[in-house]
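To keep things clear, I will list the structure first and then write my remarks on it.
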Amino acid sequence: MVISANTRVESLATSGSDLIPKEYIRTHDELTTITNIFDEEKSDQGPQVPIIDLHDINSNDPKTRDKCTYELRKAATEWGVMHLVNHGISSDLINRVKAAGKSFFDQPVEEKEKYCNDIASGKIQGYGSKLANNACGQLEWEDYFFHLAFPEEKRDLSIWPTTPHDYIPATTEYAKQLRALATKILAALSLGLGLEEGRLEKEVGGMEELLVQLKINYYPKCPQPDVALGVEAHTDVSALTFILHNMVPGLQLFYGGKWVTAKCVPDSIIMHIGDTIEILSNGKYKSILHRGLVNKEKVRISWAVFCEPPKDKIILKPLPETISEDEPPLFPPRTFQQHMEHKLFRKNNDAVDPK
């Protein structure tokens with residue numbers, strides 16, 4: 001089968017073939033680490049992604065609040081990823097967001113194609129599948145829907161799904177509430193660096209410029225899950241990333257030299273520290289390497305919300321308060337756009353055989 005720019009993974013998954021196209025088969029080094037995600041998720045051996053209870057993040061009692069923010073900062077320092085519980089976003093709203101996203105992907109591929117993106121022409125929002133972005137030309141076992149969700153005045157509602165009817169209202173409200181949660185998280189992280197609580201938020205663009213981008217990832221059942229990946233290993237370029245999923249395991253984090261599988265924690269939101277905060281904190285907060293595994297039994301869907309600074313308006317570099325003679329800057333100054341280009345350039349060069 002010829003894999004073209006508009007080949008949908010869902011179509012491959014429902015084709016009846018027991019074999020996946022060679023473009024989706026991972027490198028030898030990756031294949032040695034791919035395991036059964038259900039077995040991994042059941043195991044309690046080894047380190048576990050921390051669970052952070054945010055119930056007391058707004059407490060009027062300083063000691064109670066400090067204990068909560070201490071645990072949050074500890075997880076951001078040691079792991080760079082955590083399950084957030086008691087985060088303040090209702091399960092009713094989260095269930096509406098999940099139901100709307102699932103309903104969109106439950107439609108026939110032809111219906112979804114009405115919303116297709118066109119990366120080549122710069123139209124990145126919409127329905128799509130991952131194009132090869134490394135020198136090896138490998139593909140990932142996922143389709144997705146991507147769009148900017150906040151600030152509301154910067155949205156393009158013409159590419160948001162009109163089916164189901166609740167997609168726009170549910171997603172709008174969820175993005176607004178997540179943006180408020182991001183402010184609380186950034187405040188706690190700022191205090192952990194000895195900064196004023198509004199500092200990190202200001203450094204990533206503030207309420208006007210920080211962009212909230214939603215990517216719904218759809219991972220169809222895969223006939224050969226032991227040789228494919230839903231998402232290859234990467235760190236997020238964002239400031240913060242918030243993830244919901246349909247309680248099917250798949251996320252793995254590279255921690256302590258090994259791949260650790262994230263549990264499915266009910267009513268939680270997974271949060272990643274992204275490269276942007278790692279840079280501003282001069283590496284004190286970690287942007288962890290992670291990937292997504294697939295399986296042959298269940299479709300996995302995740303809702304990833306990336307809180308990103310504007311592409312060119314802000315220079316990302318370690319804040320003066322985070323550097324000293326003993327702790328020189330670990331990152332050169334770059335705009336967010338330059339950081340993304342640098343990562344892609346480095347990835348392509350790493351993948352090229354030097355011979």
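Starting from 1 in every chain, residues are counted up; chains themselves are A, B, ... following the order of the structure tokens, and ligands are numbered from 1 as listed.
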Got a sec to tell me which of stretch 71-284 of chain A DSSP assigns to strand (DSSP E), as number ranges by chain?
-> A: 81-85, 126-129, 143-150, 211-219, 231-234, 240-245, 251-255, 258-261, 269-273
Could the residues of stretch 169-188 of chain A that have an atom at most 8 Å from stretch 199-220 of chain A be listed as JSON lines, each with its closest atom pair and the distance in Å to one decimal, counting only C-alpha atoms and ordered by chain and ascending residue number?
```
{"residue": "A:Ala175", "atom": "CA", "partner": "A:Val212", "partner_atom": "CA", "distance": 7.1}
{"residue": "A:Arg179", "atom": "CA", "partner": "A:Val212", "partner_atom": "CA", "distance": 7.4}
{"residue": "A:Thr183", "atom": "CA", "partner": "A:Glu201", "partner_atom": "CA", "distance": 6.7}
{"residue": "A:Leu186", "atom": "CA", "partner": "A:Leu200", "partner_atom": "CA", "distance": 6.0}
{"residue": "A:Ala187", "atom": "CA", "partner": "A:Leu200", "partner_atom": "CA", "distance": 7.1}
```
In terms of the shortest atom-to-atom distance over only C-alpha atoms, which of A:Lys221, A:Lys130, A:His339, A:His245 is closest to A:Ser11?
->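 Of A:Lys221, A:Lys130, A:His339, A:His245, the one nearest A:Ser11, counting only C-alpha atoms, is A:Lys221.
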Fewer than 2 positions away in the same chain doesn't count, so skip those; otherwise give me all residues within 12 Å of A:Asp312, counting only C-alpha atoms, as a PyMOL selection string.
-> chain A and resi 204-205+209+308-310+314-316+334-340
Figure out the distance between atom CA of A:Leu93 and atom CA of A:Asp236, please, to one decimal in Å.
->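 Separating atom CA of A:Asp236 from atom CA of A:Leu93 is a distance of 25.3 Å.
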Write out as a list in words the residues lying within 6 Å of stretch 14-27 of chain A, counting only C-alpha atoms and excluding same-chain residues fewer than 4 positions away.
->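 Non-adjacent residues within range: Gln138, Leu139, Pro223, Val227 and Ala228 of chain A.
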With only C-alpha atoms as the atoms that count, which of A:Val231, A:His55, A:Glu297, A:Tyr285 lies nearest to A:Ser190?
->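 Of the candidates, the smallest distance to A:Ser190 is held by A:Tyr285.
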At what distance in Å, to one decimal, does atom CA of A:Trp141 lie from atom CA of A:His234?
-> 15.1 Å
Can you list every residue in stretch 159-271 of chain A that DSSP puts in alpha helix (DSSP H), as a PyMOL selection string?
-> chain A and resi 167-192+199-203+206-209
Using only N, CA, C and O atoms, please write the residues we just selected to a file, as a compact mmCIF listing (two decimals), in the first residue's frame.
```txt
# COMPACT_ATOMS: atom_id res chain seq x y z
N TYR A 167 -20.01 20.12 20.82
CA TYR A 167 -18.55 20.24 20.71
C TYR A 167 -18.07 21.66 21.03
O TYR A 167 -17.17 21.85 21.85
N ILE A 168 -18.66 22.65 20.39
CA ILE A 168 -18.19 24.03 20.58
C ILE A 168 -18.43 24.52 22.01
O ILE A 168 -17.49 25.00 22.67
N PRO A 169 -19.67 24.40 22.55
CA PRO A 169 -19.86 24.89 23.93
C PRO A 169 -19.03 24.15 24.98
O PRO A 169 -18.45 24.77 25.87
N ALA A 170 -18.93 22.83 24.87
CA ALA A 170 -18.18 22.06 25.88
C ALA A 170 -16.69 22.37 25.80
O ALA A 170 -16.04 22.61 26.83
N THR A 171 -16.15 22.41 24.59
CA THR A 171 -14.72 22.67 24.42
C THR A 171 -14.36 24.09 24.81
O THR A 171 -13.31 24.34 25.41
N THR A 172 -15.25 25.03 24.50
CA THR A 172 -15.03 26.44 24.88
C THR A 172 -14.93 26.59 26.38
O THR A 172 -14.01 27.23 26.91
N GLU A 173 -15.86 25.99 27.10
CA GLU A 173 -15.87 26.10 28.56
C GLU A 173 -14.67 25.38 29.18
O GLU A 173 -14.04 25.88 30.12
N TYR A 174 -14.34 24.23 28.64
CA TYR A 174 -13.19 23.47 29.15
C TYR A 174 -11.89 24.26 28.98
O TYR A 174 -11.08 24.36 29.90
N ALA A 175 -11.71 24.87 27.81
CA ALA A 175 -10.49 25.65 27.55
C ALA A 175 -10.39 26.83 28.51
O ALA A 175 -9.31 27.15 29.02
N LYS A 176 -11.52 27.46 28.77
CA LYS A 176 -11.54 28.61 29.68
C LYS A 176 -11.15 28.19 31.10
O LYS A 176 -10.35 28.85 31.77
N GLN A 177 -11.71 27.07 31.55
CA GLN A 177 -11.40 26.60 32.91
C GLN A 177 -9.96 26.08 33.02
O GLN A 177 -9.30 26.27 34.05
N LEU A 178 -9.47 25.43 31.96
CA LEU A 178 -8.07 24.98 31.98
C LEU A 178 -7.12 26.16 32.02
O LEU A 178 -6.07 26.10 32.66
N ARG A 179 -7.48 27.22 31.31
CA ARG A 179 -6.62 28.41 31.30
C ARG A 179 -6.51 29.00 32.71
O ARG A 179 -5.42 29.45 33.12
N ALA A 180 -7.61 28.98 33.45
CA ALA A 180 -7.58 29.46 34.84
C ALA A 180 -6.74 28.54 35.71
O ALA A 180 -6.00 28.99 36.60
N LEU A 181 -6.83 27.22 35.46
CA LEU A 181 -6.01 26.27 36.21
C LEU A 181 -4.53 26.49 35.92
O LEU A 181 -3.68 26.43 36.82
N ALA A 182 -4.20 26.80 34.67
CA ALA A 182 -2.81 27.06 34.29
C ALA A 182 -2.24 28.23 35.09
O ALA A 182 -1.08 28.21 35.51
N THR A 183 -3.06 29.26 35.31
CA THR A 183 -2.61 30.42 36.10
C THR A 183 -2.23 29.99 37.52
O THR A 183 -1.19 30.41 38.05
N LYS A 184 -3.04 29.12 38.12
CA LYS A 184 -2.75 28.65 39.48
C LYS A 184 -1.45 27.83 39.51
O LYS A 184 -0.63 27.97 40.42
N ILE A 185 -1.29 26.96 38.50
CA ILE A 185 -0.09 26.12 38.45
C ILE A 185 1.15 26.98 38.25
O ILE A 185 2.18 26.81 38.93
N LEU A 186 1.07 27.94 37.33
CA LEU A 186 2.22 28.80 37.06
C LEU A 186 2.58 29.65 38.28
O LEU A 186 3.76 29.91 38.53
N ALA A 187 1.57 30.05 39.04
CA ALA A 187 1.83 30.83 40.26
C ALA A 187 2.62 29.99 41.27
O ALA A 187 3.61 30.45 41.85
N ALA A 188 2.20 28.73 41.47
CA ALA A 188 2.90 27.84 42.41
C ALA A 188 4.34 27.58 41.93
O ALA A 188 5.28 27.57 42.73
N LEU A 189 4.52 27.38 40.63
CA LEU A 189 5.86 27.13 40.10
C LEU A 189 6.75 28.37 40.22
O LEU A 189 7.95 28.26 40.46
N SER A 190 6.15 29.55 40.06
CA SER A 190 6.91 30.80 40.22
C SER A 190 7.45 30.93 41.64
O SER A 190 8.64 31.22 41.85
N LEU A 191 6.58 30.69 42.61
CA LEU A 191 6.99 30.81 44.02
C LEU A 191 8.11 29.82 44.33
O LEU A 191 9.01 30.11 45.12
N GLY A 192 8.07 28.65 43.69
CA GLY A 192 9.11 27.64 43.91
C GLY A 192 10.48 28.07 43.41
O GLY A 192 11.50 27.53 43.82
N ARG A 199 5.00 35.86 37.89
CA ARG A 199 6.13 36.05 36.99
C ARG A 199 6.15 35.08 35.80
O ARG A 199 6.31 35.49 34.64
N LEU A 200 6.00 33.79 36.05
CA LEU A 200 6.07 32.83 34.95
C LEU A 200 4.93 33.06 33.96
O LEU A 200 5.13 32.95 32.74
N GLU A 201 3.76 33.37 34.47
CA GLU A 201 2.63 33.65 33.58
C GLU A 201 2.96 34.81 32.65
O GLU A 201 2.72 34.76 31.44
N LYS A 202 3.54 35.86 33.23
CA LYS A 202 3.93 37.02 32.42
C LYS A 202 4.98 36.62 31.38
O LYS A 202 4.92 37.05 30.22
N GLU A 203 5.95 35.80 31.77
CA GLU A 203 7.04 35.43 30.88
C GLU A 203 6.58 34.56 29.70
O GLU A 203 7.26 34.51 28.68
N GLY A 206 1.16 35.85 29.32
CA GLY A 206 0.02 36.41 30.04
C GLY A 206 -1.31 35.98 29.43
O GLY A 206 -1.38 35.18 28.49
N MET A 207 -2.39 36.55 29.96
CA MET A 207 -3.73 36.16 29.53
C MET A 207 -3.98 36.49 28.06
O MET A 207 -4.73 35.81 27.38
N GLU A 208 -3.32 37.52 27.55
CA GLU A 208 -3.59 37.95 26.17
C GLU A 208 -2.86 37.09 25.14
O GLU A 208 -3.38 36.84 24.06
N GLU A 209 -1.64 36.66 25.45
CA GLU A 209 -0.79 36.05 24.42
C GLU A 209 -0.56 34.54 24.57
O GLU A 209 -0.20 33.88 23.60
```
Nearby residues (only C-alpha atoms) at most 9 Å from A:Lys98, same-chain spacing under 3 positions excluded, as a list in words | Leu93, Ile94, Asn95, Gly101, Lys102, Ser103, Leu244, His245, Asn246, Ile301, Ser302 and Trp303 of chain A
Pairwise distance for atom CA of A:Leu31 and atom CA of A:Val81, rounded to one decimal in Å =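 Value for the atom CA of A:Leu31-atom CA of A:Val81 distance: 24.3 Å.
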Rank A:Ile52, A:Ile288, A:Ala149, A:Ala100 by their smallest atom-to-atom distance to A:Gln125, using only C-alpha atoms, and report the top residue only.
-> A:Ala149
Near A:Thr77, counting only C-alpha atoms, which residues have an atom at most 9 Å away, once you skip same-chain residues fewer than 2 positions from it, shown as a PyMOL selection string?
-> chain A and resi 72-75+79-80+283-286
